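Just final-v2.txt here, compact mmCIF, C-alpha atoms:
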# COMPACT_ATOMS: atom_id res chain seq x y z
CA MET A 23 54.91 62.42 319.44
CA LEU A 24 54.06 60.66 316.21
CA THR A 25 52.97 57.06 316.20
CA HIS A 26 54.19 54.48 313.71
CA LEU A 27 50.86 54.86 311.90
CA HIS A 28 51.25 58.66 311.66
CA LYS A 29 54.70 58.20 310.13
CA GLN A 30 53.46 55.61 307.63
CA LEU A 31 50.63 57.91 306.55
CA LEU A 32 53.02 60.87 306.22
CA ASN A 33 55.67 59.11 304.17
CA ASP A 34 53.86 56.38 302.24
CA TYR A 35 50.65 58.17 301.19
CA GLN A 36 51.97 61.36 299.57
CA HIS A 37 50.99 59.84 296.24
CA ASP A 38 48.65 57.12 295.00
CA PHE A 39 45.95 57.87 297.55
CA PRO A 40 43.25 55.33 296.59
CA LEU A 41 40.56 56.39 294.12
CA SER A 42 37.96 54.02 295.54
CA ALA A 43 34.67 54.16 297.41
CA ARG A 44 36.34 53.60 300.81
CA PRO A 45 39.94 54.86 300.42
CA TYR A 46 40.66 55.00 304.16
CA GLN A 47 39.47 51.38 304.48
CA ASP A 48 41.85 50.39 301.63
CA ILE A 49 44.76 52.10 303.40
CA ALA A 50 43.74 50.38 306.65
CA ASP A 51 43.77 46.99 304.90
CA GLU A 52 47.24 47.67 303.50
CA LEU A 53 48.59 48.64 306.92
CA GLY A 54 46.72 46.04 308.96
CA VAL A 55 44.76 48.54 311.07
CA THR A 56 41.11 49.66 311.14
CA GLU A 57 39.50 52.32 308.97
CA ASN A 58 38.68 54.26 312.13
CA GLU A 59 42.34 54.26 313.19
CA VAL A 60 43.37 55.65 309.77
CA LEU A 61 40.70 58.35 309.88
CA THR A 62 41.63 59.30 313.46
CA ALA A 63 45.36 59.46 312.62
CA PHE A 64 44.76 61.61 309.51
CA THR A 65 42.47 63.89 311.54
CA GLU A 66 45.21 64.30 314.17
CA LEU A 67 47.82 65.12 311.48
CA ASN A 68 45.38 67.65 310.05
CA THR A 69 44.53 69.25 313.42
CA LYS A 70 48.22 69.56 314.35
CA GLN A 71 48.83 71.04 310.86
CA LEU A 72 51.48 68.40 310.15
CA ILE A 73 49.73 67.92 306.82
CA SER A 74 48.12 70.84 305.03
CA ARG A 75 45.58 68.51 303.40
CA ILE A 76 45.00 65.24 301.56
CA GLY A 77 44.23 65.86 297.92
CA PRO A 78 45.38 66.39 294.35
CA VAL A 79 48.56 68.40 293.74
CA ILE A 80 48.47 70.49 290.56
CA PRO A 81 51.75 71.50 288.89
CA PRO A 82 52.05 75.21 288.01
CA ASN A 83 50.56 76.47 284.75
CA HIS A 84 48.34 73.44 284.19
CA ILE A 85 45.24 75.35 285.22
CA GLY A 86 45.63 79.10 284.81
CA VAL A 87 48.98 80.82 284.22
CA SER A 88 51.37 82.07 286.86
CA ALA A 89 54.63 83.92 287.34
CA LEU A 90 57.09 84.37 290.16
CA VAL A 91 57.77 88.06 290.70
CA ALA A 92 60.64 89.67 292.62
CA MET A 93 60.92 93.25 293.85
CA SER A 94 63.58 95.26 295.61
CA VAL A 95 61.69 97.23 298.25
CA PRO A 96 63.21 99.82 300.63
CA GLU A 97 63.26 98.20 304.09
CA GLN A 98 61.09 100.83 305.82
CA GLN A 99 58.36 100.45 303.16
CA LEU A 100 58.41 96.67 303.04
CA GLN A 101 55.39 95.89 305.22
CA ALA A 102 53.20 98.54 303.57
CA ILE A 103 54.15 97.46 300.03
CA ALA A 104 53.76 93.78 300.92
CA ASP A 105 50.27 94.46 302.32
CA LYS A 106 49.26 96.23 299.10
CA ILE A 107 50.49 93.32 297.00
CA SER A 108 48.95 90.64 299.24
CA ALA A 109 45.59 92.40 298.86
CA TYR A 110 45.43 91.28 295.21
CA PRO A 111 43.39 88.06 295.01
CA GLU A 112 45.69 86.91 292.17
CA VAL A 113 48.68 86.89 294.56
CA ASN A 114 49.04 83.70 296.56
CA HIS A 115 52.52 83.24 298.02
CA ASN A 116 54.26 86.38 299.22
CA TYR A 117 57.60 86.02 301.05
CA GLU A 118 60.17 88.36 302.45
CA ARG A 119 63.65 87.06 301.63
CA GLU A 120 67.14 88.15 302.65
CA HIS A 121 68.44 89.66 299.42
CA LEU A 122 68.61 92.88 297.40
CA PHE A 123 65.40 91.47 295.89
CA ASN A 124 63.64 91.13 299.22
CA LEU A 125 60.00 90.56 298.20
CA TRP A 126 58.96 87.44 296.25
CA PHE A 127 55.41 86.56 295.29
CA VAL A 128 53.48 84.35 292.88
CA VAL A 129 50.74 85.78 290.67
CA ILE A 130 48.21 83.34 289.22
CA ALA A 131 45.58 84.33 286.65
CA SER A 132 43.18 82.80 284.15
CA ASP A 133 45.24 83.84 281.11
CA ALA A 134 48.48 85.57 280.13
CA GLU A 135 46.81 88.91 279.43
CA HIS A 136 45.26 89.08 282.89
CA LEU A 137 48.58 88.03 284.42
CA PHE A 138 50.46 90.87 282.68
CA ASP A 139 47.74 93.36 283.64
CA VAL A 140 48.02 92.46 287.32
CA ILE A 141 51.83 92.73 287.38
CA ASN A 142 51.70 96.06 285.49
CA GLU A 143 49.10 97.34 287.95
CA ILE A 144 51.29 96.29 290.91
CA GLU A 145 54.24 98.18 289.38
CA ARG A 146 52.07 101.29 288.94
CA GLU A 147 50.62 101.11 292.43
CA THR A 148 53.99 100.61 294.17
CA SER A 149 56.17 102.67 291.77
CA LEU A 150 58.65 99.79 291.92
CA LYS A 151 60.06 97.62 289.15
CA ALA A 152 58.89 94.00 289.08
CA LEU A 153 61.21 91.23 287.92
CA ARG A 154 58.99 88.82 285.97
CA LEU A 155 60.20 85.24 286.29
CA PRO A 156 57.65 82.87 284.74
CA MET A 157 58.44 79.19 284.76
CA LEU A 158 60.02 78.04 281.47
CA ASP A 159 60.49 74.40 282.36
CA ASP A 160 59.61 72.15 285.30
CA PHE A 161 62.35 69.62 286.14
CA PHE A 162 60.77 68.20 289.24
CA ILE A 163 59.49 64.64 289.20
CA ASP A 164 57.18 64.77 292.18
CA LEU A 165 57.12 61.45 293.96
CA GLY A 166 56.53 63.15 297.28
CA PHE A 167 59.18 64.37 299.71
CA LYS A 168 60.92 61.73 301.80
CA LEU A 169 60.56 62.94 305.39
CA ASP A 170 63.05 62.14 308.12
CA LEU A 171 60.69 61.42 311.04
CA THR A 172 63.14 59.65 313.35
CA ASN A 173 62.87 62.35 316.02
CA ALA A 174 59.33 63.48 315.23
CA MET B 4 43.62 66.76 277.63
CA MET B 5 41.55 69.86 278.33
CA VAL B 6 39.88 70.31 281.68
CA ASP B 7 36.22 71.29 281.58
CA GLU B 8 34.03 73.14 284.04
CA THR B 9 33.25 70.00 286.05
CA ASP B 10 36.96 69.11 286.34
CA ARG B 11 37.68 72.62 287.62
CA LYS B 12 34.86 72.35 290.15
CA ILE B 13 36.30 69.08 291.45
CA ILE B 14 39.85 70.48 291.68
CA GLN B 15 38.61 73.56 293.45
CA ALA B 16 36.54 71.54 295.93
CA THR B 17 39.53 69.31 296.79
CA GLN B 18 42.07 72.10 297.33
CA ALA B 19 40.92 72.44 300.94
CA GLY B 20 41.43 68.68 301.29
CA LEU B 21 39.43 65.51 300.72
CA PRO B 22 36.82 65.07 303.44
CA LEU B 23 37.84 62.82 306.34
CA THR B 24 34.72 60.70 306.04
CA THR B 25 34.47 56.98 305.30
CA GLN B 26 33.34 57.76 301.74
CA PRO B 27 35.10 61.05 300.88
CA TYR B 28 34.27 60.99 297.16
CA GLN B 29 30.61 60.45 297.99
CA THR B 30 30.75 63.41 300.41
CA LEU B 31 32.20 65.55 297.61
CA ALA B 32 29.65 64.21 295.16
CA ASP B 33 26.82 65.30 297.45
CA GLN B 34 28.33 68.81 297.66
CA LEU B 35 28.84 69.11 293.90
CA ALA B 36 25.69 67.31 292.73
CA LEU B 37 27.78 64.68 290.90
CA THR B 38 28.25 60.97 291.50
CA ALA B 39 31.23 59.53 293.40
CA GLU B 40 32.03 57.38 290.33
CA GLU B 41 32.26 60.41 288.08
CA ILE B 42 34.55 62.22 290.53
CA MET B 43 36.88 59.23 290.79
CA GLN B 44 36.91 58.78 286.99
CA ARG B 45 37.70 62.43 286.37
CA LEU B 46 40.44 62.54 289.04
CA SER B 47 41.92 59.39 287.54
CA ALA B 48 41.86 60.84 284.00
CA MET B 49 43.48 64.10 285.17
CA LYS B 50 46.14 62.14 287.01
CA ASN B 51 46.90 59.97 283.97
CA SER B 52 47.22 63.01 281.72
CA GLY B 53 49.47 64.89 284.17
CA ILE B 54 47.00 67.68 284.99
CA ILE B 55 47.18 66.30 288.53
CA ARG B 56 50.74 65.44 289.58
CA ARG B 57 49.79 63.26 292.52
CA ILE B 58 46.97 62.63 294.96
CA GLY B 59 47.90 62.20 298.60
CA ALA B 60 48.85 63.71 301.93
CA VAL B 61 50.60 67.08 301.57
CA PRO B 62 53.04 67.36 304.49
CA ASN B 63 53.68 70.70 306.16
CA HIS B 64 57.50 70.64 306.10
CA TYR B 65 57.89 73.55 308.47
CA LYS B 66 55.73 71.98 311.20
CA LEU B 67 57.58 68.68 310.79
CA GLY B 68 60.85 70.33 311.78
CA TYR B 69 62.14 71.47 308.39
CA ARG B 70 62.76 75.04 309.53
CA PHE B 71 65.55 75.85 307.08
CA ASN B 72 64.10 76.42 303.62
CA GLY B 73 66.37 77.92 301.02
CA MET B 74 65.59 79.06 297.50
CA THR B 75 68.80 78.23 295.67
CA VAL B 76 69.35 79.99 292.34
CA TRP B 77 71.99 79.07 289.75
CA ASN B 78 73.37 80.50 286.53
CA ILE B 79 73.69 77.46 284.29
CA VAL B 80 75.26 77.28 280.84
CA ASP B 81 72.26 77.31 278.46
CA GLU B 82 73.16 74.13 276.55
CA MET B 83 73.31 72.16 279.81
CA ILE B 84 70.17 73.36 281.57
CA ASP B 85 67.83 70.51 280.49
CA GLU B 86 70.21 67.76 281.49
CA LEU B 87 71.34 69.38 284.74
CA GLY B 88 67.88 70.64 285.70
CA GLN B 89 66.58 67.08 285.56
CA LYS B 90 69.44 65.82 287.70
CA VAL B 91 68.87 68.51 290.35
CA GLY B 92 65.10 67.84 290.26
CA GLN B 93 65.74 64.20 291.14
CA LEU B 94 67.69 64.94 294.35
CA ASP B 95 65.55 63.78 297.27
CA PHE B 96 65.97 67.01 299.27
CA VAL B 97 64.80 69.24 296.40
CA SER B 98 61.06 69.99 296.47
CA HIS B 99 60.73 72.23 293.39
CA CYS B 100 63.07 72.70 290.45
CA TYR B 101 62.31 75.17 287.66
CA GLN B 102 63.99 76.94 284.78
CA ARG B 103 63.15 80.66 284.75
CA PRO B 104 64.41 83.47 282.51
CA ARG B 105 67.50 85.52 283.37
CA LYS B 106 66.85 89.26 283.66
CA LEU B 107 70.19 90.85 282.95
CA PRO B 108 71.94 92.70 284.35
CA GLU B 109 70.26 92.42 287.75
CA TRP B 110 69.24 88.75 287.69
CA PRO B 111 71.68 86.27 286.08
CA TYR B 112 70.14 83.04 287.45
CA ASN B 113 68.13 80.62 285.29
CA LEU B 114 67.66 77.57 287.57
CA PHE B 115 65.68 77.57 290.82
CA ALA B 116 65.73 74.69 293.32
CA MET B 117 64.03 74.74 296.73
CA VAL B 118 65.89 72.84 299.46
CA HIS B 119 64.66 71.93 302.95
CA GLY B 120 66.58 70.88 306.05
CA LYS B 121 66.31 70.64 309.81
CA SER B 122 69.50 72.64 310.39
CA GLN B 123 71.66 75.19 308.61
CA ASP B 124 74.42 72.55 308.36
CA GLU B 125 72.07 70.17 306.59
CA VAL B 126 71.05 72.82 304.06
CA ASP B 127 74.67 73.86 303.52
CA LEU B 128 75.52 70.24 302.73
CA GLN B 129 72.62 70.02 300.26
CA ILE B 130 73.82 73.16 298.50
CA ARG B 131 77.34 71.71 298.26
CA LYS B 132 75.90 68.55 296.69
CA ILE B 133 74.05 70.58 294.04
CA SER B 134 77.19 72.62 293.41
CA GLU B 135 79.28 69.47 292.91
CA LEU B 136 76.69 68.04 290.54
CA LEU B 137 76.69 71.23 288.44
CA SER B 138 80.48 71.51 288.46
CA ASP B 139 81.90 73.87 285.79
CA ASN B 140 78.47 74.45 284.24
CA ASN B 141 77.56 76.63 287.23
CA LEU B 142 78.59 80.22 286.49
CA GLY B 143 77.32 81.59 289.80
CA CYS B 144 74.76 80.99 292.51
CA ASP B 145 72.97 82.48 295.47
CA VAL B 146 70.67 81.24 298.25
CA LEU B 147 67.67 83.23 299.44
CA TYR B 148 66.19 82.36 302.81
CA SER B 149 62.69 83.48 303.64
CA THR B 150 62.55 85.71 306.69
CA LYS B 151 58.80 86.20 306.76
CA ILE B 152 55.74 84.65 305.17
CA LEU B 153 53.57 87.64 304.28
CA LYS B 154 50.80 85.73 302.52
CA LYS B 155 50.22 82.05 301.86
CA THR B 156 46.69 81.39 300.75
CA GLY B 157 47.57 78.31 298.75
CA PHE B 158 46.06 77.46 295.45
CA ARG B 159 42.45 77.64 296.49
CA SER B 160 41.52 81.31 296.47
CA ALA B 161 43.84 82.03 293.55
CA MET B 162 42.16 79.17 291.68
CA GLN B 163 38.75 80.68 292.20
CA HIS B 164 40.07 83.77 290.52
CA ALA B 165 41.85 81.88 287.77
CA THR B 166 38.69 79.99 286.90
CA ASP B 167 36.40 83.02 286.89

Written as C-alpha cells, how would this file's structure read?
Amino acid sequence: MLTHLHKQLLNDYQHDFPLSARPYQDIADELGVTENEVLTAFTELNTKQLISRIGPVIPPNHIGVSALVAMSVPEQQLQAIADKISAYPEVNHNYEREHLFNLWFVVIASDAEHLFDVINEIERETSLKALRLPMLDDFFIDLGFKLDLTNA
Amino acid sequence: MMVDETDRKIIQATQAGLPLTTQPYQTLADQLALTAEEIMQRLSAMKNSGIIRRIGAVPNHYKLGYRFNGMTVWNIVDEMIDELGQKVGQLDFVSHCYQRPRKLPEWPYNLFAMVHGKSQDEVDLQIRKISELLSDNNLGCDVLYSTKILKKTGFRSAMQHATD
C-alpha cells in the first residue's frame, strides 16, 4: 500500500527535483513533513522498485548517438540470437515483440561510425538483416508521466 | 552547449540515482572530487540547455501496475508529421514519441509512440484516441507488444561505453 506521501513523491517530483544543498529537506518543507520522512519514503519506493531512481533524464542522442534496430528472427533461434546481441556492451534495451520483426534493441555508441560498425558486426554475426531506425525527430515534451495511483 | 569531461562524469555518476543522503550533491562531490556547488551549477546549466530533460523520480511503470505497454507505429503523410507528432507527443498517456525513417517495402511506419495502460481495454482506448487525432493523415498502423525483456541495462553501462 502506498501512503499519501509516496503518491505525492511519485507524481509531483518527476521533474524539478531541487538543486540545493538539502533537497529532501526542501521537499519536506513543501509537503509539511520531515526530511527523514521524505528520505524514508523515497528509500521505500526505491527498495520496492516502484521508482528506478531519482536523477537526471537525458533525451536520446544528446550524449552519444543511438539507433533503434529491428530484426526478424526465426522463433527457434530467438533466445540464442538475443543472447548474442545482448552481449554487446553497446546494446542496452533488447525486447522480444509480437510481430514479424520480433527482436527490437537500442544501440548506443560514442559516434556514428562506431554505431554503424556495431550494427554491421551484429548483422555479420547473426547472418540476419537489421532494420536501422535512428531517431529523426523527438516530439515528446517530457513533463513526467501522470500516474493513476488510486488503487496503488 | 557542449558537455565536457566533468559533465559526463556527473551524468554517469547520477544514472544509478542520486544518493539518498541528507546532502546528496555533497555525497556525489566527495565521490567525484568536486564541490557540491559545482555539481549543482553544472546540472542546472545542462538542464537549462536541454542536455538534461528533467531531474526527478523516475517511476517504474510496470511495477506500478502499468502492465500493458504498446509500441504504436504509424505511417503519417510526410507534410503532416511535425504537426501531428507534436500533438501525439502531448497526450498524457504517451511516454515517448519519435519520428523514425521508413524502410520500404518491409517497414512503412515513420511515427513511434509508446503507450501505457493498466488493462488491454485502456490501451485500446488510447490507440483509438491517437487514431482519431491522426484522422486521414494516418495511412496505416500497427501495435507491437513486448513479450519478453531480454536486456534492460539502462543508460548507465551504455554511457560508459559511449564516453570511452

> Counting all atoms listed in the file, what is within 8 Å of range 21-28 of chain B, bar same-chain residues fewer than 2 positions away, as a VMD selection string?
Replying inline: (chain A and resid 43 to 47 57 61 64 to 65 75 to 77) or (chain B and resid 17 to 19 30 to 32 39 42 to 43)

File of the preceding selection, C-alpha atoms, as a CSV table (one decimal), in the frame of the given file:
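New file result_26.csv:
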chain,number,residue,atom,x,y,z
A,43,ALA,CA,34.7,54.2,297.4
A,44,ARG,CA,36.3,53.6,300.8
A,45,PRO,CA,39.9,54.9,300.4
A,46,TYR,CA,40.7,55.0,304.2
A,47,GLN,CA,39.5,51.4,304.5
A,57,GLU,CA,39.5,52.3,309.0
A,61,LEU,CA,40.7,58.4,309.9
A,64,PHE,CA,44.8,61.6,309.5
A,65,THR,CA,42.5,63.9,311.5
A,75,ARG,CA,45.6,68.5,303.4
A,76,ILE,CA,45.0,65.2,301.6
A,77,GLY,CA,44.2,65.9,297.9
B,17,THR,CA,39.5,69.3,296.8
B,18,GLN,CA,42.1,72.1,297.3
B,19,ALA,CA,40.9,72.4,300.9
B,30,THR,CA,30.8,63.4,300.4
B,31,LEU,CA,32.2,65.6,297.6
B,32,ALA,CA,29.6,64.2,295.2
B,39,ALA,CA,31.2,59.5,293.4
B,42,ILE,CA,34.6,62.2,290.5
B,43,MET,CA,36.9,59.2,290.8

>> Excluding range 98-105 of chain A and its own-chain neighbours fewer than 5 positions away, which residues fall within 12 Å of it when counting only C-alpha atoms? Please give them as an MDAnalysis selection string.
In response: (chainID A and resid 92:93 110:111 113:119 123:127 144:150) or (chainID B and resid 151:154)

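Using all atoms listed in the file, the shortest contact distance between chain A and any of B:Gln102, B:Gln44, B:Asn113, B:Thr38 is found at B:Gln102.
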
> How many Å separate CA of Val129 in chain A from CA of Met83 in chain B?
Replying inline: 28.5 Å

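Distance-wise, CA of Leu158 in chain A and CA of Leu137 in chain A end up 15.5 Å apart.
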
>> Which residues are near Phe138 in chain A? Cut-off 12 Å, all atoms listed in the file, ignore same chain within fewer than 6 positions. Put them as a VMD selection string.
In response: chain A and resid 87 to 91 112 129 to 132 144 to 145 152 to 156

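Interatomic distance, CA of Ile130 in chain B against CA of Ser149 in chain B: 16.0 Å.
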
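You can rank A:Ala134, A:Ile80, A:Leu27, A:Ile141 by their closest distance to Glu59 in chain A using all atoms listed in the file, and at the top of that list sits A:Leu27.
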
Listing only residues of range 31-90 of chain B within 7 Å of range 118-125 of chain B, what is the closest atom pair and its distance in Å (to one decimal) for each, using only C-alpha atoms, sorted by chain and residue number ascending, as CSV?
residue,atom,partner,partner_atom,distance
B:Gly68,CA,B:Lys121,CA,5.8
B:Tyr69,CA,B:Lys121,CA,4.5
B:Arg70,CA,B:Lys121,CA,5.7
B:Phe71,CA,B:Gly120,CA,5.2
B:Asn72,CA,B:His119,CA,4.6
B:Gly73,CA,B:Val118,CA,5.3
B:Met74,CA,B:Val118,CA,6.5

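The nearest approach to chain B among the residues A:Asp51, A:Pro40, A:Thr69, A:Glu97, with all atoms listed in the file taken into account, belongs to A:Pro40.
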
>> From the options A:Val128, A:Met157, A:Leu169, A:Ile49, which residue's atoms come nearest to chain B, counting only C-alpha atoms?
In response: A:Met157

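Among the candidates B:Asn141, B:Ser98, B:Ser134, B:Thr9, the one nearest to chain A when counting all atoms listed in the file is B:Ser98.
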
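If you measure from each of A:Asp170, A:Glu66, A:Asp38, A:Asp159 to Thr25 in chain A using all atoms listed in the file, the closest one turns out to be A:Glu66.
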